[in-house]
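Structure first, commentary second.
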Amino acid sequence: MAPVGAKFRAALARLPAATEATELLTDAPTPDEIEDQLQRANGASSPGLDGVGYDTYKLFNTQLLPVLHAAFQCCWRHQRVPQSWKQGTVRLIYKKGSREDPANWRPICLQQVIYKTYAGLLARRFTRWLDANGRHAEDQKGFRAVNGCGEHNFLASTLIDHARRSRKELHMVWYDLKNAFGS
């Protein structure tokens, strides 16, 4: 029996070597990246267990940026984040309908801003690296910066219009993951 992940590793080995933007995976985060990540964040986002929100990091940016940079350098060097950063608190958020119906409430985990900032910075870097090296699947459009799902929606709309004009039968399947992402 093949070891777990052997097929995955074999598929990765067949890919051409990545040549673009390799520094995104090798160089530690810079103060500019950290500041940019903080500026992109939603200031109204709730803080985690430490009670420190994005607004605090933005207000005291000059004083806290060197501290964040040192902390992120340490995380990068040791390839892990402190356990305390990964702890969150779960709150129920009311969506709509009867407040007595549990289906109308969504759980949300409030994580610490320092963790969300570091994780977001890494996610942005990895996405940029994937794009630069052609590693995204062409049919993956959700959560992509430029084209997103618009291309798929345009294609579906075009097919529907063509079927109507040519009076041809068209069968489409819409797979709805109700509240798959809680939004």
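Naming works like this for the structure tokens: A, B, ... for the chains as they're shown, residue 1 at the start of each chain, ligands 1 onward in shown order.
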Inset, instruction - May I have the residues within 9 Å of segment 127-134 of chain A as an MDAnalysis selection string, using only C-alpha atoms and disregarding those fewer than 2 positions away in the same chain? - result: chainID A and resid 17:25 122:125 136:138 144
Using N, CA and C atoms, can you export the residues from the last selection as a PDB file, in the first residue's frame?
```pdb
ATOM      1  N   ALA A  17       9.197  23.429 -12.257  1.00  0.00           N
ATOM      2  CA  ALA A  17       9.687  24.181 -11.095  1.00  0.00           C
ATOM      3  C   ALA A  17       9.113  25.593 -11.104  1.00  0.00           C
ATOM      4  N   ALA A  18       8.755  26.062  -9.934  1.00  0.00           N
ATOM      5  CA  ALA A  18       8.266  27.433  -9.796  1.00  0.00           C
ATOM      6  C   ALA A  18       9.445  28.381  -9.944  1.00  0.00           C
ATOM      7  N   THR A  19       9.276  29.375 -10.790  1.00  0.00           N
ATOM      8  CA  THR A  19      10.374  30.309 -11.028  1.00  0.00           C
ATOM      9  C   THR A  19      10.015  31.741 -10.679  1.00  0.00           C
ATOM     10  N   GLU A  20       8.740  32.033 -10.555  1.00  0.00           N
ATOM     11  CA  GLU A  20       8.297  33.405 -10.327  1.00  0.00           C
ATOM     12  C   GLU A  20       7.977  33.641  -8.855  1.00  0.00           C
ATOM     13  N   ALA A  21       8.331  34.802  -8.382  1.00  0.00           N
ATOM     14  CA  ALA A  21       7.945  35.271  -7.049  1.00  0.00           C
ATOM     15  C   ALA A  21       8.289  34.285  -5.938  1.00  0.00           C
ATOM     16  N   THR A  22       9.419  33.601  -6.060  1.00  0.00           N
ATOM     17  CA  THR A  22       9.787  32.614  -5.042  1.00  0.00           C
ATOM     18  C   THR A  22      10.057  33.256  -3.688  1.00  0.00           C
ATOM     19  N   GLU A  23      10.399  34.547  -3.690  1.00  0.00           N
ATOM     20  CA  GLU A  23      10.646  35.239  -2.419  1.00  0.00           C
ATOM     21  C   GLU A  23       9.390  35.278  -1.547  1.00  0.00           C
ATOM     22  N   LEU A  24       8.225  35.142  -2.160  1.00  0.00           N
ATOM     23  CA  LEU A  24       6.982  35.138  -1.384  1.00  0.00           C
ATOM     24  C   LEU A  24       6.920  33.944  -0.433  1.00  0.00           C
ATOM     25  N   LEU A  25       7.631  32.881  -0.781  1.00  0.00           N
ATOM     26  CA  LEU A  25       7.634  31.690   0.063  1.00  0.00           C
ATOM     27  C   LEU A  25       8.899  31.562   0.901  1.00  0.00           C
ATOM     28  N   LEU A 122       0.002  35.686   5.089  1.00  0.00           N
ATOM     29  CA  LEU A 122       0.491  34.458   4.454  1.00  0.00           C
ATOM     30  C   LEU A 122      -0.438  34.019   3.327  1.00  0.00           C
ATOM     31  N   ALA A 123      -1.743  34.135   3.535  1.00  0.00           N
ATOM     32  CA  ALA A 123      -2.711  33.745   2.504  1.00  0.00           C
ATOM     33  C   ALA A 123      -2.553  34.613   1.255  1.00  0.00           C
ATOM     34  N   ARG A 124      -2.370  35.915   1.443  1.00  0.00           N
ATOM     35  CA  ARG A 124      -2.175  36.814   0.297  1.00  0.00           C
ATOM     36  C   ARG A 124      -0.889  36.472  -0.446  1.00  0.00           C
ATOM     37  N   ARG A 125       0.170  36.184   0.299  1.00  0.00           N
ATOM     38  CA  ARG A 125       1.440  35.812  -0.333  1.00  0.00           C
ATOM     39  C   ARG A 125       1.284  34.531  -1.145  1.00  0.00           C
ATOM     40  N   HIS A 136      -2.991  27.937  -9.894  1.00  0.00           N
ATOM     41  CA  HIS A 136      -4.430  27.875  -9.621  1.00  0.00           C
ATOM     42  C   HIS A 136      -5.104  27.068 -10.729  1.00  0.00           C
ATOM     43  N   ALA A 137      -6.050  26.239 -10.355  1.00  0.00           N
ATOM     44  CA  ALA A 137      -6.839  25.536 -11.363  1.00  0.00           C
ATOM     45  C   ALA A 137      -7.645  26.577 -12.136  1.00  0.00           C
ATOM     46  N   GLU A 138      -7.675  26.465 -13.450  1.00  0.00           N
ATOM     47  CA  GLU A 138      -8.363  27.457 -14.279  1.00  0.00           C
ATOM     48  C   GLU A 138      -9.852  27.546 -13.976  1.00  0.00           C
ATOM     49  N   ARG A 144     -11.233  34.659  -5.895  1.00  0.00           N
ATOM     50  CA  ARG A 144     -10.095  35.114  -6.687  1.00  0.00           C
ATOM     51  C   ARG A 144     -10.207  36.621  -6.852  1.00  0.00           C
TER      52      ARG A 144
END
```
Inset, instruction - Quick one: pick out all strand (DSSP E or B) residues within segment 5-136 of chain A from a backbone DSSP run and write them as number ranges by chain. - result: A: 88-94, 105-111
Inset, instruction - For Cys75 of chain A, work out the shell of residues within 12 Å, counting only C-alpha atoms and skipping chain neighbours fewer than 4 positions away, then give it as number ranges by chain. - result: A: 28-29, 68-71, 79-83, 85, 114-115, 118-119, 122
Legend entry - Gap from atom CA of Leu49 of chain A to atom CA of Leu110 of chain A - Å, one decimal: 7.5 Å
